[in-house]
$ cat structure_10.txt   # compact mmCIF, C-alpha atoms
# COMPACT_ATOMS: atom_id res chain seq x y z
CA MET V 98 0.00 0.00 0.00
CA ARG V 99 2.87 2.37 0.81
CA LYS V 100 4.32 1.87 -2.69
CA PHE V 101 0.91 2.59 -4.20
CA MET V 102 0.66 5.82 -2.21
CA THR V 103 4.17 6.82 -3.31
CA LEU V 104 3.21 6.18 -6.93
CA ILE V 105 0.08 8.29 -6.52
CA ALA V 106 2.13 11.09 -4.98
CA ALA V 107 4.64 10.97 -7.81
CA THR V 108 1.99 11.12 -10.55
CA SER V 109 -0.64 13.32 -8.96
CA VAL V 110 -1.48 16.92 -9.64
CA THR V 111 -0.89 18.82 -6.44
CA LEU V 112 -3.59 20.94 -4.92
CA SER V 113 -2.41 24.52 -5.07
CA SER V 114 -0.06 26.07 -2.57
CA ALA V 115 -2.81 28.53 -1.72
CA MET V 116 -3.66 26.27 1.18
CA ALA V 117 -0.31 27.18 2.71
CA ALA V 118 -1.24 30.85 2.45
CA TYR V 119 -4.48 30.32 4.33
CA ALA V 120 -4.16 30.05 8.09
CA GLN V 121 -4.00 26.29 8.57
CA ASP V 122 -5.16 26.42 12.16
CA GLN V 123 -8.39 28.16 11.16
CA SER V 124 -11.09 25.76 10.01
CA PRO V 125 -13.07 26.92 6.96
CA LEU V 126 -16.03 24.82 8.09
CA PRO V 127 -19.00 26.57 9.70
CA LYS V 128 -18.99 26.61 13.48
CA ALA V 129 -21.85 25.12 15.47
CA SER V 130 -22.80 28.65 16.52
CA ASP V 131 -23.04 29.96 12.92
CA VAL V 132 -26.52 30.78 11.65
CA LEU V 133 -27.15 28.74 8.49
CA VAL V 134 -30.25 29.49 6.41
CA ARG V 135 -31.37 27.38 3.44
CA TYR V 136 -30.91 29.21 0.16
CA GLY V 137 -33.48 28.25 -2.48
CA HIS V 138 -34.60 24.69 -3.09
CA ASP V 139 -32.41 21.60 -2.99
CA VAL V 140 -30.59 20.92 -6.26
CA GLU V 141 -30.28 17.25 -7.20
CA GLY V 142 -29.80 16.22 -3.57
CA TRP V 143 -27.55 19.16 -2.64
CA THR V 144 -28.62 21.80 -0.14
CA VAL V 145 -27.26 25.35 -0.39
CA TYR V 146 -26.90 27.31 2.84
CA ALA V 147 -26.22 30.99 3.40
CA ASN V 148 -24.03 31.40 6.47
CA GLN V 149 -25.40 34.60 7.97
CA THR V 150 -22.68 34.71 10.62
CA ARG V 151 -19.74 34.73 8.19
CA GLY V 152 -21.47 36.14 5.13
CA ASP V 153 -20.62 33.22 2.85
CA CYS V 154 -22.38 30.17 1.41
CA LEU V 155 -21.81 26.43 1.28
CA ILE V 156 -23.29 23.36 -0.37
CA VAL V 157 -23.93 20.04 1.37
CA HIS V 158 -24.81 16.56 0.12
CA SER V 159 -25.25 13.35 2.11
CA ASN V 160 -25.44 9.90 0.58
CA GLY V 161 -25.47 6.78 2.70
CA PRO V 162 -22.65 6.92 5.26
CA ASN V 163 -20.85 9.77 3.42
CA SER V 164 -21.34 13.52 3.37
CA VAL V 165 -19.67 16.26 1.33
CA GLN V 166 -19.50 19.97 2.09
CA MET V 167 -18.04 22.63 -0.22
CA GLY V 168 -17.56 26.33 0.20
CA VAL V 169 -14.97 29.05 0.43
CA THR V 170 -12.75 30.30 3.22
CA ALA V 171 -13.83 33.40 5.14
CA ASN V 172 -11.75 35.64 2.83
CA GLN V 173 -13.37 33.88 -0.18
CA GLU V 174 -9.97 33.38 -1.86
CA VAL V 175 -9.64 29.63 -1.39
CA GLY V 176 -12.20 26.87 -1.77
CA TYR V 177 -12.57 23.94 0.56
CA LEU V 178 -13.93 20.45 0.12
CA GLY V 179 -14.93 18.59 3.25
CA VAL V 180 -15.51 14.84 3.03
CA PHE V 181 -17.00 13.02 5.99
CA THR V 182 -18.04 9.43 6.63
CA LYS V 183 -19.57 7.33 9.37
CA GLN V 184 -17.10 4.55 8.50
CA ASP V 185 -14.05 4.04 10.69
CA ILE V 186 -11.14 5.43 8.68
CA GLY V 187 -8.76 5.75 11.62
CA LEU V 188 -8.74 9.53 12.05
CA GLN V 189 -7.65 11.39 15.14
CA ASN V 190 -9.06 14.85 15.72
CA GLY V 191 -6.90 17.77 14.58
CA THR V 192 -4.25 15.73 12.79
CA LYS V 193 -3.04 16.61 9.32
CA SER V 194 -2.34 13.89 6.82
CA GLU V 195 -1.94 13.41 3.12
CA ILE V 196 -5.09 12.63 1.21
CA PHE V 197 -5.56 11.61 -2.38
CA VAL V 198 -8.73 11.89 -4.41
CA SER V 199 -9.43 10.49 -7.84
CA ILE V 200 -11.95 12.39 -9.95
CA GLY V 201 -12.57 11.47 -13.56
CA GLY V 202 -9.32 9.52 -13.74
CA ARG V 203 -7.22 12.45 -12.45
CA LEU V 204 -5.44 12.20 -9.12
CA TYR V 205 -5.17 15.12 -6.73
CA GLU V 206 -3.08 15.28 -3.59
CA GLY V 207 -3.70 17.48 -0.62
CA VAL V 208 -3.47 17.79 3.11
CA ALA V 209 -6.56 16.82 5.06
CA THR V 210 -7.19 18.32 8.47
CA SER V 211 -9.02 15.59 10.34
CA MET V 212 -12.06 16.04 12.50
CA SER V 213 -13.78 13.42 14.62
CA GLY V 214 -15.84 13.39 17.75
CA ASP V 215 -17.06 16.98 17.39
CA LEU V 216 -19.19 16.37 14.30
CA LYS V 217 -22.93 15.70 14.47
CA GLY V 218 -24.30 12.32 13.48
CA GLY V 219 -21.17 10.28 14.17
CA TYR V 220 -19.23 11.60 11.17
CA SER V 221 -15.46 11.91 10.94
CA GLY V 222 -13.43 13.16 8.03
CA GLY V 223 -11.45 16.14 6.92
CA TYR V 224 -11.20 19.01 4.52
CA ILE V 225 -8.76 20.15 1.90
CA LEU V 226 -8.14 23.68 0.65
CA THR V 227 -7.52 24.52 -3.00
CA ASP V 228 -7.61 27.24 -5.61
CA ASP V 229 -6.83 24.82 -8.46
CA PRO V 230 -9.37 25.49 -11.26
CA ASN V 231 -8.87 21.95 -12.65
CA PHE V 232 -9.93 20.44 -9.32
CA LYS V 233 -12.98 22.70 -9.18
CA ARG V 234 -13.90 21.82 -12.77
CA ASP V 235 -13.53 18.07 -12.15
CA VAL V 236 -15.66 18.22 -8.99
CA ALA V 237 -18.36 20.11 -10.93
CA LYS V 238 -18.35 17.87 -14.02
CA GLN V 239 -17.75 14.35 -12.70
CA TYR V 240 -20.16 12.01 -10.94
CA GLU V 241 -17.99 10.37 -8.32
CA MET V 242 -14.84 10.92 -6.33
CA ILE V 243 -12.73 8.19 -4.76
CA VAL V 244 -11.11 9.29 -1.51
CA PHE V 245 -7.88 7.67 -0.32
CA PRO V 246 -7.07 8.85 3.22
CA GLU V 247 -3.53 8.19 4.42
CA THR V 248 -4.97 6.32 7.38
CA LYS V 249 -7.22 3.55 6.01
CA GLY V 250 -10.49 2.89 4.25
CA ALA V 251 -10.86 4.33 0.74
CA PHE V 252 -14.45 5.27 -0.06
CA VAL V 253 -16.50 6.65 -2.95
CA VAL V 254 -18.40 9.96 -2.78
CA ASP V 255 -21.35 10.67 -5.07
CA LEU V 256 -20.85 13.99 -6.92
CA LYS V 257 -24.04 13.92 -9.00
CA GLY V 258 -25.54 17.40 -9.21
CA THR V 259 -22.44 19.32 -8.13
CA TYR V 260 -22.40 21.53 -11.24
CA LYS V 261 -25.87 22.93 -10.56
CA ALA V 262 -25.30 23.10 -6.80
CA MET V 263 -22.01 24.97 -7.25
CA ALA V 264 -23.76 27.43 -9.61
CA MET V 265 -26.45 28.06 -7.00
CA GLY V 266 -23.77 28.41 -4.30
CA LEU V 267 -22.01 31.04 -6.43
CA LYS V 268 -25.30 32.87 -6.90
CA CYS V 269 -25.76 32.80 -3.12
CA LEU V 270 -22.26 34.26 -2.62
CA THR V 271 -22.88 37.15 -5.01
CA GLN V 272 -26.11 38.30 -3.31
$ encode --input "structure_10.txt" --output "structure tokens"
Amino acid sequence: MRKFMTLIAATSVTLSSAMAAYAQDQSPLPKASDVLVRYGHDVEGWTVYANQTRGDCLIVHSNGPNSVQMGVTANQEVGYLGVFTKQDIGLQNGTKSEIFVSIGGRLYEGVATSMSGDLKGGYSGGYILTDDPNFKRDVAKQYEMIVFPETKGAFVVDLKGTYKAMAMGLKCLTQ
């Protein structure tokens, strides 16, 4: 498995260094105290929320044991993708580890900041930060993403409807 991960790292497209520019100890995810209000109707299983506390928007989709959340950082310069699961993937809260995702046959590498225990519904997972337009385009246009955490337990995330949901999220951000 270690050789496979090394091969992925050697051939992957790296998520942009913008994540290094963003304060790594500041989570882009909404806080439990943030006021989230539904924006419009659900789009193909995705819900768009306006975060009235931070003045930004995010999109959320849950499918089986997995959940995905996408949005932008507070300064709206960097996007984030949060992937969470109810499966045991060996995460410890607050740790940073390499993560690989495969979307449409393209591999992306990033750093996932892990979260467990504090999330509602028994979820654990992490988020990655990026300003890579290819990553954004692939997430919008493809129908599934395979997530390979450094810990254990690869899993598949359903991306159906992301294009329309991301368009509605952008509309929410501009209002």
$ closest_residue --input "structure_10.txt" --among "V:Val157, V:Ala237, V:Val208, V:Ile196" --to "Lys257 (chain V)" --atoms "only C-alpha atoms"
V:Ala237
$ atom_distance --input "structure_10.txt" --atom1 "CA of Gly207 (chain V)" --atom2 "CA of Tyr224 (chain V)"
9.2 Å
$ residues_around --input "structure_10.txt" --residues "region 240-242 of chain V" --least-positions-apart "6" --cutoff "9 Å" --atoms "all atoms listed in the file" --output "PyMOL selection string"
chain V and resi 198-201+252-259
$ closest_residue --input "structure_10.txt" --among "V:Val244, V:Val175, V:Ala129, V:Cys269" --to "Leu204 (chain V)" --atoms "all atoms listed in the file"
V:Val244
$ closest_residue --input "structure_10.txt" --among "V:Asp235, V:Asn172, V:Lys183, V:Gln123" --to "Gly202 (chain V)" --atoms "only C-alpha atoms"
V:Asp235
